[in-house]
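Peer 1: Structure below; questions to follow.
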Amino acid sequence: MTGLLGIENLTRVEIEAILDRARDFQPPEGEGFRRLDLLKGRTLVNLFFEASTRTRTSFELAAKRLGADAISIAAQSSSVSKGESLVDTLNTLAAMRPDAIIMRHSASGAPHFLQRHLAIPIINAGDGTHEHPTQALLDARTILDRGAKLEGLKVVIIGDIAHSRVARSNIYLLAKFGAQIVLCGPASLLPKELQELAPGITLTTNMTEAIQDAGVIMMLRVQLERQHEANFPAAEYFQFYGLRLDHLKHARPDVIVMHPGPINRGREISSEVADSQRSAILNQVENGISVRMAVLEKVLTQ
Ligand code: ASP
């Protein structure tokens, strides 16, 4: 049994199948989600060792909308805070026989390690700075919904790329579809090794140059929780890497502005942009549910 650990090892065909299935689960315009019973009788455990609003809630809603039972455990309220090891916690939960475990952890590779030890499928909801596969899938669904094609699309990812699992999963996915990927941020948050993640990636510290003719601008939060020393002058960050309305004139007129959330208004994105017609931020949140429904169905019925 394998769950979903990352985008890196998925094929383009597998990704397309998830994205197509997610479209089937999207509610018709103006209507709510229907409650289905495709996963009736199944039980899912959401185990989050790191903070989450969107991902945890949408996995839970996705499970419920497919008729499954879902329980969420936050590490702060579990025996992890009493010193239990990750393996013991997971073994304990596994003994209760859930059908899958959805987990988020601050250590890169934690779900991969556990998947080797457990017979229950594990779905990665974000591991350290490594991957956040369902985020990249919902981002792709959102781009496609706005009528863009991934092939040849110029996608600029701006901000703290070094510490971003969202960036890594998106890079793997976009590269498989032939998008043109540009990474932009302060030099200290833009290590050269990122170029090795996929062929043809461009790195730049110049935001105006990066945005030129972009079809998608993905903004990232500065991951202060992963930085052990200040890697950039915080006070000047918005001046150099904050997305403002005047930047958008350099991009394509139909540019799609994205952000995985949580957004920090006035730090990496201005309110005018976040709330503008070009922003797809709330569409991303909404698509999180249908994409996670597709992922849960795939993992539990394969
Ligand atoms: N929510 C995303 C993540 O968990 C992005 C972020 O936290 O900035 O990686």
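In the structure tokens, each chain is lettered A, B, ... as it comes, each chain's residues begin at 1, and ligands are numbered from 1 in order of appearance.
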Show me, as a tab-separated table, the residues of chain A having an atom within 9 Å of ligand 1, each with the closest atom pair and its distance in Å, using only C-alpha atoms and all ligand atoms.
Peer 2:
```
residue	atom	partner	partner_atom_place_in_ligand_line	distance
A:Glu50	CA	ligand 1	4 (O)	8.3
A:Ala51	CA	ligand 1	4 (O)	7.9
A:Ser52	CA	ligand 1	4 (O)	6.7
A:Thr53	CA	ligand 1	1 (N)	8.0
A:Arg54	CA	ligand 1	1 (N)	7.3
A:Thr55	CA	ligand 1	1 (N)	7.2
A:Arg104	CA	ligand 1	4 (O)	8.3
A:Ala125	CA	ligand 1	4 (O)	7.7
A:Gly126	CA	ligand 1	4 (O)	5.9
A:Asp127	CA	ligand 1	9 (O)	8.2
A:Gly128	CA	ligand 1	9 (O)	8.0
A:Thr129	CA	ligand 1	9 (O)	7.8
A:Glu131	CA	ligand 1	9 (O)	8.1
A:His132	CA	ligand 1	9 (O)	6.4
A:Gln135	CA	ligand 1	2 (C)	7.7
A:His163	CA	ligand 1	9 (O)	8.9
A:Ser164	CA	ligand 1	9 (O)	6.3
A:Arg165	CA	ligand 1	9 (O)	5.6
A:Val166	CA	ligand 1	9 (O)	5.5
A:Ala167	CA	ligand 1	9 (O)	8.7
A:Leu220	CA	ligand 1	8 (O)	6.2
A:Arg221	CA	ligand 1	8 (O)	4.6
A:Val222	CA	ligand 1	8 (O)	6.9
A:Gln223	CA	ligand 1	8 (O)	6.2
A:His259	CA	ligand 1	5 (C)	8.1
A:Pro260	CA	ligand 1	5 (C)	5.2
A:Gly261	CA	ligand 1	1 (N)	5.2
A:Pro262	CA	ligand 1	8 (O)	5.7
A:Ile263	CA	ligand 1	8 (O)	7.5
```
Peer 1: Would you kindly return, as number ranges by chain, each protein, DNA or RNA residue with an atom no farther than 6 Å from any atom of A:Ala75, considering only C-alpha atoms and excluding same-chain residues fewer than 3 positions away?
Peer 2: A: 48-49, 78, 80
Peer 1: Given the choices A:Cys184, A:Ile15, A:Val255, A:Leu173, which gets closest to A:Ser276 if the distance is worked out from only C-alpha atoms?
Peer 2: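 Closest to A:Ser276 of all the choices is A:Val255.
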Peer 1: Write out as a ChimeraX atom specification which residues come within 6 Å of stretch 147-152 of chain A when counting only C-alpha atoms, dropping same-chain ones fewer than 3 positions away.
Peer 2: /A:143-144,177-180
Peer 1: What does the file look like for those residues with N, CA and C atoms, as a PDB file, in the first residue's frame?
Peer 2:
```pdb
ATOM      1  N   ILE A 143      -4.740  26.837 -11.810  1.00  0.00           N
ATOM      2  CA  ILE A 143      -4.222  27.445 -13.047  1.00  0.00           C
ATOM      3  C   ILE A 143      -5.064  26.969 -14.235  1.00  0.00           C
ATOM      4  N   LEU A 144      -5.330  25.681 -14.290  1.00  0.00           N
ATOM      5  CA  LEU A 144      -6.113  25.135 -15.406  1.00  0.00           C
ATOM      6  C   LEU A 144      -7.536  25.715 -15.407  1.00  0.00           C
ATOM      7  N   PHE A 177       5.243  19.176 -16.892  1.00  0.00           N
ATOM      8  CA  PHE A 177       4.310  19.652 -17.913  1.00  0.00           C
ATOM      9  C   PHE A 177       4.946  20.686 -18.839  1.00  0.00           C
ATOM     10  N   GLY A 178       6.244  20.884 -18.724  1.00  0.00           N
ATOM     11  CA  GLY A 178       6.928  21.783 -19.653  1.00  0.00           C
ATOM     12  C   GLY A 178       6.672  23.257 -19.416  1.00  0.00           C
ATOM     13  N   ALA A 179       6.374  23.652 -18.176  1.00  0.00           N
ATOM     14  CA  ALA A 179       6.224  25.088 -17.888  1.00  0.00           C
ATOM     15  C   ALA A 179       7.618  25.725 -17.832  1.00  0.00           C
ATOM     16  N   GLN A 180       7.644  27.046 -18.017  1.00  0.00           N
ATOM     17  CA  GLN A 180       8.910  27.777 -17.918  1.00  0.00           C
ATOM     18  C   GLN A 180       8.990  28.318 -16.485  1.00  0.00           C
TER      19      GLN A 180
END
```
Peer 1: Tell me, as a PyMOL selection string, which residues lie within 7 Å of A:Ile122, counting only C-alpha atoms; anything in the same chain fewer than 4 positions away does not count.
Peer 2: chain A and resi 2-4+100-102+111+115
Peer 1: Per DSSP on the backbone, filter stretch 13-234 of chain A down to the residues in helix (DSSP H, G or I) and report them as a ChimeraX atom specification.
Peer 2: /A:13-25,54-65,75-77,79-82,86-95,110-117,133-145,161-163,165-176,187-189,192-197,207-211,224-226,234
Peer 1: Extract, using only C-alpha atoms, all DNA, RNA and protein residues at most 10 Å from A:Glu272, discarding same-chain residues fewer than 5 positions from it, and format them as a list of chain:residue names.
Peer 2: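 Counting only the stated atoms, we get A:Leu243, A:Arg244, A:Leu245, A:Arg265, A:Gly266, A:Gln277, A:Ser279.
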Peer 1: Let me make sure I understand: among A:Arg252, A:His130, A:Arg65, A:Arg35, which one has the smallest atom-to-atom distance to A:Lys154 if we use only C-alpha atoms?
Peer 2: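 Closest candidate: A:Arg252.
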Peer 1: Which one is closest to A:Leu61: A:Arg267, A:Arg141, A:Lys82, A:Arg34? Count only C-alpha atoms.
Peer 2: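 Distance minimum relative to A:Leu61 lands on A:Arg34.
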